[in-house]
>>> print(open('work00.pdb').read())   # PDB, C-alpha atoms
ATOM      1  CA  MET E   1       0.000   0.000   0.000
ATOM      2  CA  VAL E   2       1.273   3.429  -0.904
ATOM      3  CA  ALA E   3       0.178   6.504   1.027
ATOM      4  CA  CYS E   4       0.749  10.007  -0.383
ATOM      5  CA  LEU E   5       1.194  12.847   2.065
ATOM      6  CA  GLY E   6       1.041  16.408   0.774
ATOM      7  CA  PHE E   7       1.670  19.744   2.432
ATOM      8  CA  ALA E   8       1.651  23.295   1.164
ATOM      9  CA  GLN E   9       4.200  25.933   2.011
ATOM     10  CA  GLY E  10       4.483  29.629   1.240
ATOM     11  CA  ALA E  11       1.701  32.086   0.441
ATOM     12  CA  ASP E  12       0.304  34.037  -2.480
ATOM     13  CA  ALA E  13       2.404  35.463  -5.264
ATOM     14  CA  SER E  14       3.635  39.011  -4.801
ATOM     15  CA  ALA E  15       4.989  41.784  -6.975
ATOM     16  CA  VAL E  16       8.533  41.363  -8.219
ATOM     17  CA  VAL E  17       8.391  44.679 -10.061
ATOM     18  CA  SER E  18       6.262  47.481  -8.686
ATOM     19  CA  TRP E  19       7.036  50.900 -10.156
ATOM     20  CA  GLY E  20       4.497  53.371  -8.912
ATOM     21  CA  GLY E  21       5.109  55.424  -5.787
ATOM     22  CA  ASN E  22       6.782  58.524  -4.432
ATOM     23  CA  TYR E  23      10.359  58.500  -5.747
ATOM     24  CA  VAL E  24      11.047  62.233  -5.960
ATOM     25  CA  THR E  25       9.787  65.290  -4.101
ATOM     26  CA  ALA E  26      10.111  67.514  -7.167
ATOM     27  CA  SER E  27      10.000  66.710 -10.873
ATOM     28  CA  THR E  28      13.402  65.311 -11.808
ATOM     29  CA  ASP E  29      15.097  65.175 -15.200
ATOM     30  CA  LEU E  30      16.813  61.803 -15.462
ATOM     31  CA  GLY E  31      19.346  63.003 -17.992
ATOM     32  CA  GLY E  32      20.083  62.108 -21.569
ATOM     33  CA  ARG E  33      19.583  63.858 -24.849
ATOM     34  CA  GLY E  34      17.346  66.863 -25.005
ATOM     35  CA  GLY E  35      17.437  70.366 -26.396
ATOM     36  CA  ASP E  36      16.834  72.340 -29.567
ATOM     37  CA  TYR E  37      16.350  70.091 -32.602
ATOM     38  CA  THR E  38      15.999  71.798 -35.961
ATOM     39  CA  VAL E  39      16.307  69.048 -38.579
ATOM     40  CA  ALA E  40      13.085  67.683 -40.031
ATOM     41  CA  GLY E  41      12.972  63.883 -40.242
ATOM     42  CA  ALA E  42      15.773  63.316 -37.712
ATOM     43  CA  GLY E  43      15.438  60.649 -35.028
ATOM     44  CA  LEU E  44      16.353  62.322 -31.753
ATOM     45  CA  TRP E  45      16.793  59.563 -29.179
ATOM     46  CA  VAL E  46      17.656  55.894 -29.608
ATOM     47  CA  TYR E  47      18.019  52.798 -27.448
ATOM     48  CA  THR E  48      21.665  51.813 -27.163
ATOM     49  CA  GLY E  49      21.484  49.234 -24.393
ATOM     50  CA  ALA E  50      20.720  49.060 -20.703
ATOM     51  CA  ALA E  51      24.206  50.117 -19.609
ATOM     52  CA  SER E  52      23.877  53.579 -21.143
ATOM     53  CA  ARG E  53      20.189  54.138 -20.469
ATOM     54  CA  SER E  54      19.890  53.709 -16.712
ATOM     55  CA  SER E  55      17.449  55.813 -14.730
ATOM     56  CA  PRO E  56      19.193  56.457 -11.386
ATOM     57  CA  VAL E  57      21.456  59.176 -12.793
ATOM     58  CA  ALA E  58      19.662  62.106 -11.184
ATOM     59  CA  PRO E  59      20.033  63.120  -7.522
ATOM     60  CA  GLY E  60      16.991  62.430  -5.394
ATOM     61  CA  TYR E  61      15.546  59.528  -7.383
ATOM     62  CA  THR E  62      14.899  56.607  -5.010
ATOM     63  CA  GLY E  63      12.923  54.181  -7.181
ATOM     64  CA  SER E  64      14.166  50.922  -8.655
ATOM     65  CA  PRO E  65      16.394  51.083 -11.753
ATOM     66  CA  PHE E  66      14.700  51.021 -15.122
ATOM     67  CA  TYR E  67      16.131  51.258 -18.630
ATOM     68  CA  TRP E  68      14.750  53.188 -21.535
ATOM     69  CA  GLY E  69      15.040  54.006 -25.170
ATOM     70  CA  ALA E  70      13.047  56.329 -27.382
ATOM     71  CA  TYR E  71      13.085  58.218 -30.604
ATOM     72  CA  LEU E  72      11.168  61.196 -31.871
ATOM     73  CA  VAL E  73      11.054  62.054 -35.566
ATOM     74  CA  ARG E  74      10.374  65.653 -36.383
ATOM     75  CA  GLY E  75       7.940  65.964 -39.273
ATOM     76  CA  THR E  76       8.432  69.644 -40.046
ATOM     77  CA  GLY E  77      11.314  72.047 -39.757
ATOM     78  CA  ASP E  78       9.402  75.151 -38.756
ATOM     79  CA  GLY E  79       8.835  76.548 -35.314
ATOM     80  CA  SER E  80      10.911  78.491 -32.816
ATOM     81  CA  ALA E  81      13.701  76.969 -30.736
ATOM     82  CA  SER E  82      11.377  76.816 -27.725
ATOM     83  CA  VAL E  83       8.866  74.770 -29.725
ATOM     84  CA  ARG E  84      11.574  72.349 -30.804
ATOM     85  CA  ASN E  85      12.924  71.908 -27.285
ATOM     86  CA  PHE E  86      12.061  68.503 -25.791
ATOM     87  CA  SER E  87      13.148  66.641 -22.675
ATOM     88  CA  ASN E  88      13.393  62.917 -23.226
ATOM     89  CA  VAL E  89      12.675  61.359 -19.838
ATOM     90  CA  ASP E  90      11.924  62.554 -16.321
ATOM     91  CA  VAL E  91       9.959  61.670 -13.208
ATOM     92  CA  MET E  92       7.160  64.058 -12.300
ATOM     93  CA  GLU E  93       6.319  64.430  -8.629
ATOM     94  CA  GLY E  94       2.762  63.421  -7.879
ATOM     95  CA  SER E  95       0.566  60.764  -6.270
ATOM     96  CA  PRO E  96       2.007  58.491  -7.517
ATOM     97  CA  ASP E  97       5.012  59.935  -9.322
ATOM     98  CA  THR E  98       4.876  59.606 -13.108
ATOM     99  CA  LEU E  99       7.579  58.512 -15.535
ATOM    100  CA  ARG E 100       7.357  60.839 -18.530
ATOM    101  CA  PHE E 101       8.881  60.608 -22.012
ATOM    102  CA  LEU E 102       8.949  63.199 -24.773
ATOM    103  CA  ARG E 103       7.885  66.284 -22.889
ATOM    104  CA  ALA E 104       7.292  69.445 -24.929
ATOM    105  CA  ASN E 105       8.560  72.547 -23.169
ATOM    106  CA  SER E 106       6.297  75.060 -24.858
ATOM    107  CA  GLY E 107       3.534  75.624 -27.379
ATOM    108  CA  GLY E 108       3.468  75.606 -31.131
ATOM    109  CA  VAL E 109       2.345  73.287 -33.921
ATOM    110  CA  THR E 110       4.917  70.715 -34.996
ATOM    111  CA  SER E 111       4.259  67.127 -36.137
ATOM    112  CA  TYR E 112       6.125  64.171 -34.612
ATOM    113  CA  THR E 113       6.193  60.390 -34.774
ATOM    114  CA  GLY E 114       8.230  57.876 -32.806
ATOM    115  CA  ALA E 115       8.224  55.291 -30.040
ATOM    116  CA  ALA E 116       9.452  54.717 -26.491
ATOM    117  CA  PHE E 117      10.499  51.655 -24.502
ATOM    118  CA  VAL E 118      11.020  51.189 -20.754
ATOM    119  CA  SER E 119      12.203  47.968 -19.117
ATOM    120  CA  PHE E 120      12.938  46.486 -15.711
ATOM    121  CA  LEU E 121      15.579  43.746 -15.593
ATOM    122  CA  LYS E 122      15.522  40.703 -13.324
ATOM    123  CA  SER E 123      18.670  41.763 -11.488
ATOM    124  CA  ASP E 124      17.008  45.073 -10.538
ATOM    125  CA  PHE E 125      13.667  43.865  -9.183
ATOM    126  CA  LEU E 126      12.497  46.011  -6.270
ATOM    127  CA  ASN E 127      12.787  43.210  -3.715
ATOM    128  CA  GLY E 128      16.356  42.465  -4.708
ATOM    129  CA  HIS E 129      15.538  38.985  -5.934
ATOM    130  CA  ASP E 130      17.670  37.996  -8.918
ATOM    131  CA  THR E 131      17.615  34.215  -8.752
ATOM    132  CA  GLY E 132      15.186  31.551  -9.827
ATOM    133  CA  SER E 133      13.186  31.021 -13.009
ATOM    134  CA  PHE E 134      10.026  32.934 -13.820
ATOM    135  CA  THR E 135       7.252  31.650 -16.079
ATOM    136  CA  PHE E 136       3.638  32.599 -16.815
ATOM    137  CA  GLY E 137       1.042  30.553 -14.921
ATOM    138  CA  SER E 138      -2.222  31.003 -13.050
ATOM    139  CA  LEU E 139      -0.751  33.355 -10.419
ATOM    140  CA  GLU E 140       1.220  35.680 -12.664
ATOM    141  CA  SER E 141       0.073  39.076 -13.953
ATOM    142  CA  LEU E 142       1.318  42.136 -15.833
ATOM    143  CA  SER E 143      -0.234  45.574 -15.448
ATOM    144  CA  VAL E 144       0.638  49.095 -16.592
ATOM    145  CA  THR E 145      -1.232  52.386 -16.234
ATOM    146  CA  THR E 146      -0.506  55.189 -18.681
ATOM    147  CA  SER E 147      -1.619  58.721 -19.329
ATOM    148  CA  TYR E 148      -0.648  60.495 -22.492
ATOM    149  CA  ALA E 149      -0.948  63.260 -25.006
ATOM    150  CA  LEU E 150       0.811  61.607 -27.921
ATOM    151  CA  LEU E 151       0.408  57.891 -27.227
ATOM    152  CA  THR E 152      -1.344  55.876 -29.931
ATOM    153  CA  GLY E 153      -0.880  52.382 -28.483
ATOM    154  CA  TYR E 154       1.118  50.381 -25.968
ATOM    155  CA  ARG E 155       1.883  46.725 -25.170
ATOM    156  CA  PHE E 156       4.016  44.602 -22.855
ATOM    157  CA  ALA E 157       7.571  43.421 -23.463
ATOM    158  CA  ILE E 158       9.474  40.550 -21.854
ATOM    159  CA  LEU E 159      13.099  39.441 -22.048
ATOM    160  CA  SER E 160      13.597  35.678 -22.366
ATOM    161  CA  GLY E 161      16.531  33.640 -23.672
ATOM    162  CA  GLY E 162      18.448  36.819 -24.480
ATOM    163  CA  SER E 163      15.696  38.201 -26.761
ATOM    164  CA  TRP E 164      12.927  40.704 -26.211
ATOM    165  CA  TYR E 165       9.336  39.792 -27.105
ATOM    166  CA  LEU E 166       6.290  42.033 -27.536
ATOM    167  CA  SER E 167       2.750  41.033 -26.636
ATOM    168  CA  GLU E 168       0.007  40.891 -29.225
ATOM    169  CA  ALA E 169      -2.259  42.242 -26.492
ATOM    170  CA  ALA E 170      -2.248  46.020 -26.739
ATOM    171  CA  LYS E 171      -4.436  49.004 -25.972
ATOM    172  CA  THR E 172      -5.351  52.129 -27.859
ATOM    173  CA  PRO E 173      -5.678  55.130 -25.537
ATOM    174  CA  LEU E 174      -9.073  56.552 -24.702
ATOM    175  CA  GLY E 175      -8.064  60.171 -25.096
ATOM    176  CA  SER E 176      -5.515  62.850 -24.278
ATOM    177  CA  ASN E 177      -4.156  62.658 -20.731
ATOM    178  CA  THR E 178      -6.766  60.107 -19.644
ATOM    179  CA  PRO E 179      -5.434  57.350 -17.350
ATOM    180  CA  ASP E 180      -5.749  53.886 -18.877
ATOM    181  CA  THR E 181      -4.659  50.416 -17.730
ATOM    182  CA  LEU E 182      -3.577  47.322 -19.660
ATOM    183  CA  THR E 183      -3.581  44.036 -17.717
ATOM    184  CA  LEU E 184      -2.780  40.415 -18.559
ATOM    185  CA  SER E 185      -3.232  37.804 -15.856
ATOM    186  CA  GLY E 186      -3.887  34.135 -15.161
ATOM    187  CA  ALA E 187      -5.072  32.017 -18.072
ATOM    188  CA  ALA E 188      -5.159  35.015 -20.415
ATOM    189  CA  LEU E 189      -1.455  35.618 -19.748
ATOM    190  CA  ALA E 190      -0.479  31.956 -20.174
ATOM    191  CA  ASP E 191      -2.440  31.835 -23.447
ATOM    192  CA  SER E 192      -1.215  35.224 -24.683
ATOM    193  CA  GLN E 193       0.675  35.545 -27.971
ATOM    194  CA  TRP E 194       4.134  37.126 -28.323
ATOM    195  CA  ALA E 195       6.662  37.841 -31.069
ATOM    196  CA  ALA E 196      10.418  38.401 -31.048
ATOM    197  CA  TRP E 197      11.446  42.066 -31.247
ATOM    198  CA  SER E 198      14.724  43.966 -31.104
ATOM    199  CA  PRO E 199      14.946  47.378 -29.422
ATOM    200  CA  THR E 200      17.934  48.125 -31.664
ATOM    201  CA  GLY E 201      16.588  46.635 -34.878
ATOM    202  CA  GLY E 202      15.115  49.700 -36.510
ATOM    203  CA  ALA E 203      16.366  51.855 -39.346
ATOM    204  CA  ASN E 204      18.948  54.500 -38.408
ATOM    205  CA  SER E 205      19.469  52.797 -35.028
ATOM    206  CA  ARG E 206      15.927  53.565 -33.915
ATOM    207  CA  LEU E 207      13.732  51.231 -31.936
ATOM    208  CA  GLY E 208      12.678  48.175 -33.916
ATOM    209  CA  ALA E 209       9.337  48.105 -35.702
ATOM    210  CA  LEU E 210       6.405  46.014 -34.502
ATOM    211  CA  PRO E 211       6.573  42.321 -35.520
ATOM    212  CA  GLY E 212       4.423  41.245 -38.417
ATOM    213  CA  SER E 213       2.873  38.295 -36.582
ATOM    214  CA  PHE E 214       2.588  36.917 -33.047
ATOM    215  CA  GLY E 215       2.890  33.160 -32.571
ATOM    216  CA  VAL E 216       4.703  32.351 -29.313
ATOM    217  CA  ASP E 217       2.499  31.268 -26.388
ATOM    218  CA  GLY E 218       3.042  33.023 -23.082
ATOM    219  CA  SER E 219       3.277  29.647 -21.370
ATOM    220  CA  ALA E 220       6.262  28.695 -23.569
ATOM    221  CA  PHE E 221       8.726  31.023 -21.803
ATOM    222  CA  THR E 222      10.795  29.074 -19.282
ATOM    223  CA  ASP E 223      12.939  31.808 -17.706
ATOM    224  CA  ILE E 224      11.904  35.431 -18.056
ATOM    225  CA  GLN E 225      14.749  37.870 -17.376
ATOM    226  CA  GLY E 226      13.015  41.225 -17.673
ATOM    227  CA  PHE E 227       9.732  43.048 -18.217
ATOM    228  CA  GLY E 228       8.807  46.251 -19.986
ATOM    229  CA  VAL E 229       6.394  48.366 -22.001
ATOM    230  CA  PHE E 230       6.647  49.438 -25.648
ATOM    231  CA  MET E 231       4.742  52.575 -26.681
ATOM    232  CA  GLU E 232       4.087  54.155 -30.064
ATOM    233  CA  ILE E 233       3.659  57.874 -30.570
ATOM    234  CA  ASN E 234       0.653  58.920 -32.582
ATOM    235  CA  PRO E 235       1.581  60.811 -35.784
ATOM    236  CA  ALA E 236       0.068  64.123 -34.825
ATOM    237  CA  ALA E 237       0.707  67.815 -34.409
ATOM    238  CA  ILE E 238       1.738  68.976 -30.955
ATOM    239  CA  ILE E 239      -0.299  72.050 -30.041
ATOM    240  CA  GLY E 240       0.938  73.532 -26.808
ATOM    241  CA  GLN E 241       1.372  70.110 -25.198
ATOM    242  CA  THR E 242       3.326  69.916 -21.968
ATOM    243  CA  SER E 243       3.435  66.133 -21.778
ATOM    244  CA  GLY E 244       3.954  63.123 -23.991
ATOM    245  CA  ILE E 245       3.947  59.478 -22.913
ATOM    246  CA  GLN E 246       3.465  58.994 -19.189
ATOM    247  CA  ILE E 247       3.516  55.856 -17.009
ATOM    248  CA  SER E 248       2.095  56.136 -13.504
ATOM    249  CA  SER E 249       2.418  52.484 -12.510
ATOM    250  CA  PHE E 250       3.923  49.228 -13.747
ATOM    251  CA  GLN E 251       3.518  45.992 -11.798
ATOM    252  CA  VAL E 252       4.590  42.412 -12.382
ATOM    253  CA  VAL E 253       3.385  39.609 -10.123
ATOM    254  CA  ALA E 254       5.344  36.372 -10.478
ATOM    255  CA  VAL E 255       6.380  33.238  -8.613
ATOM    256  CA  PRO E 256       9.805  31.558  -8.812
ATOM    257  CA  GLU E 257       9.991  27.935  -9.842
ATOM    258  CA  PRO E 258       9.977  25.476  -6.848
ATOM    259  CA  GLY E 259      13.631  24.549  -7.301
ATOM    260  CA  SER E 260      14.721  28.126  -6.667
ATOM    261  CA  LEU E 261      12.517  28.991  -3.693
ATOM    262  CA  ALA E 262      15.321  28.396  -1.202
ATOM    263  CA  LEU E 263      17.266  31.171  -2.931
ATOM    264  CA  ALA E 264      14.491  33.733  -2.746
ATOM    265  CA  GLY E 265      15.434  34.814   0.756
ATOM    266  CA  GLY E 266      11.854  35.797   1.542
ATOM    267  CA  GLY E 267      11.869  38.529  -1.075
ATOM    268  CA  ILE E 268       9.199  36.787  -3.127
ATOM    269  CA  LEU E 269       6.380  34.788  -1.628
ATOM    270  CA  ALA E 270       5.340  31.637  -3.459
ATOM    271  CA  SER E 271       2.826  28.842  -3.438
ATOM    272  CA  TRP E 272       3.751  25.272  -4.167
ATOM    273  CA  LEU E 273       2.972  21.731  -3.197
ATOM    274  CA  VAL E 274       5.539  19.172  -2.075
ATOM    275  CA  ARG E 275       4.495  15.561  -2.323
ATOM    276  CA  ARG E 276       6.166  12.755  -0.421
ATOM    277  CA  ARG E 277       5.623   9.038  -0.973
ATOM    278  CA  ARG E 278       6.203   6.295   1.527
ATOM    279  CA  CYS E 279       4.992   2.727   2.075
TER     280      CYS E 279
END
>>> encode(input="work00.pdb", output="structure tokens")
Amino acid sequence: MVACLGFAQGADASAVVSWGGNYVTASTDLGGRGGDYTVAGAGLWVYTGAASRSSPVAPGYTGSPFYWGAYLVRGTGDGSASVRNFSNVDVMEGSPDTLRFLRANSGGVTSYTGAAFVSFLKSDFLNGHDTGSFTFGSLESLSVTTSYALLTGYRFAILSGGSWYLSEAAKTPLGSNTPDTLTLSGAALADSQWAAWSPTGGANSRLGALPGSFGVDGSAFTDIQGFGVFMEINPAAIIGQTSGIQISSFQVVAVPEPGSLALAGGGILASWLVRRRRC
């Protein structure tokens, strides 16, 4: 006769990335390229890798590290220097603080297109956990809240096996500067479709274009190394805008695989079942 004894350890899954809080007491420019751009059709900012696009470069920023890339293509060459002046990325003080890309400094009518990308790597998760394998199952979830003036659509990104992937799931904003949330969780996340994408694969070193098709199941990823959001800028004229793409929160809930739970050090809570057989 064989008797099976089972016991559960741990608790519910918890956030491994949770960007959305009070990181600065005053709006903070995180550095990088900005200024007076006069050439029509020029891409202004590009993604050149995590090492050169790290957020904690400004004094007073206390949030977790994130990495970014963006480009803005100027459609016309007219306008004063103040109209052409853009800041690429900063954190605006608020409740919660907001990560902002492509901020116009003053009024005017000038057309722009482009895209932005922000990512959080496994080694920089807020709880300091950088071990164990992460997959998409019934407890996992991705969520991002945006507000915008120029955003035409946004979707999730993940890093797995050394390659970035974009989600087929995406949202089109409701309207200018209106908060909006995209969420994937549980079965919908495991069944979600993804496609390989390169942040450096675009023309003239710009961010890569959207994939033509999505055919990789979310459940197929065996060790996810990073999470992010990819955002496209709506081809439109900027009329006195003082904001561009804004993210007010980004959260990832995940559970490490059972074999790595001993390494978690309590940073991530997990649920799992251990079965023991004896006669």
>>> resolve_selection(input="work00.pdb", expression="the PyMOL selection byres ((chain E and resi 51-67) around 7)", output="PyMOL selection string")
chain E and resi 23-24+29-31+48-50+68-69+118-120+124+126
>>> write_last_selection(input="work00.pdb", atoms="C-alpha atoms", output="CSV table (one decimal), in the frame of the given file")
chain,number,residue,atom,x,y,z
E,23,TYR,CA,10.4,58.5,-5.7
E,24,VAL,CA,11.0,62.2,-6.0
E,29,ASP,CA,15.1,65.2,-15.2
E,30,LEU,CA,16.8,61.8,-15.5
E,31,GLY,CA,19.3,63.0,-18.0
E,48,THR,CA,21.7,51.8,-27.2
E,49,GLY,CA,21.5,49.2,-24.4
E,50,ALA,CA,20.7,49.1,-20.7
E,68,TRP,CA,14.8,53.2,-21.5
E,69,GLY,CA,15.0,54.0,-25.2
E,118,VAL,CA,11.0,51.2,-20.8
E,119,SER,CA,12.2,48.0,-19.1
E,120,PHE,CA,12.9,46.5,-15.7
E,124,ASP,CA,17.0,45.1,-10.5
E,126,LEU,CA,12.5,46.0,-6.3
>>> closest_residue(input="work00.pdb", among="E:Val17, E:Thr25, E:Ser160, E:Val73", to="Ser133 (chain E)", atoms="all atoms listed in the file")
E:Ser160
>>> closest_residue(input="work00.pdb", among="E:Asn22, E:Thr183, E:Ile224, E:Val229", to="Gly132 (chain E)", atoms="all atoms listed in the file")
E:Ile224
>>> resolve_selection(input="work00.pdb", expression="the PyMOL selection byres ((chain E and resi 141) around 9)", output="NGL selection string")
:E and (15 or 136-140 or 142-143 or 183-186 or 189 or 251-254)
>>> resolve_selection(input="work00.pdb", expression="the PyMOL selection byres ((chain E and resi 71) around 7)", output="JSON list (two decimals) with C-alpha atoms, in the frame of the given file")
[["chain", "number", "residue", "atom", "x", "y", "z"],
["E", 43, "GLY", "CA", 15.44, 60.65, -35.03],
["E", 44, "LEU", "CA", 16.35, 62.32, -31.75],
["E", 45, "TRP", "CA", 16.79, 59.56, -29.18],
["E", 46, "VAL", "CA", 17.66, 55.89, -29.61],
["E", 70, "ALA", "CA", 13.05, 56.33, -27.38],
["E", 72, "LEU", "CA", 11.17, 61.20, -31.87],
["E", 73, "VAL", "CA", 11.05, 62.05, -35.57],
["E", 114, "GLY", "CA", 8.23, 57.88, -32.81],
["E", 115, "ALA", "CA", 8.22, 55.29, -30.04],
["E", 116, "ALA", "CA", 9.45, 54.72, -26.49],
["E", 206, "ARG", "CA", 15.93, 53.56, -33.92]]
>>> residues_around(input="work00.pdb", residues="Trp197 (chain E)", least_positions_apart="5", cutoff="10 Å", atoms="all atoms listed in the file", output="PyMOL selection string")
chain E and resi 157-159+163-167+202+207-211
>>> atom_distance(input="work00.pdb", atom1="CA of Thr98 (chain E)", atom2="CA of Gly201 (chain E)")
27.9 Å
>>> residues_around(input="work00.pdb", residues="Ala169 (chain E)", least_positions_apart="3", cutoff="9 Å", atoms="all atoms listed in the file", output="JSON, numbers by chain")
{"E": [154, 155, 156, 166, 182, 184, 192, 193, 194]}
>>> residues_around(input="work00.pdb", residues="Ser147 (chain E)", least_positions_apart="3", cutoff="12 Å", atoms="only C-alpha atoms", output="number ranges by chain")
E: 98-101, 144, 150-154, 172-182, 231, 243-249
>>> residues_around(input="work00.pdb", residues="Gly21 (chain E)", least_positions_apart="4", cutoff="8 Å", atoms="all atoms listed in the file", output="list of chain:residue names")
E:Ser95, E:Pro96, E:Asp97, E:Ser249
>>> atom_distance(input="work00.pdb", atom1="CA of Asp217 (chain E)", atom2="CA of Ile233 (chain E)")
27.0 Å
>>> atom_distance(input="work00.pdb", atom1="CA of Gly94 (chain E)", atom2="CA of Ser18 (chain E)")
16.3 Å
>>> closest_residue(input="work00.pdb", among="E:Val255, E:Ala188, E:Phe134, E:Thr146", to="Phe221 (chain E)", atoms="all atoms listed in the file")
E:Phe134
>>> axis_aligned_box(input="work00.pdb", around="region 155-160 of chain E", padding_each_side="8 Å", output="JSON")
{"center_x": 7.7, "center_y": 41.2, "center_z": -23.5, "size_x": 27.7, "size_y": 27.0, "size_z": 19.3}
>>> closest_residue(input="work00.pdb", among="E:Ala190, E:Gly228, E:Gly20, E:Ala196", to="Gly215 (chain E)", atoms="only C-alpha atoms")
E:Ala196
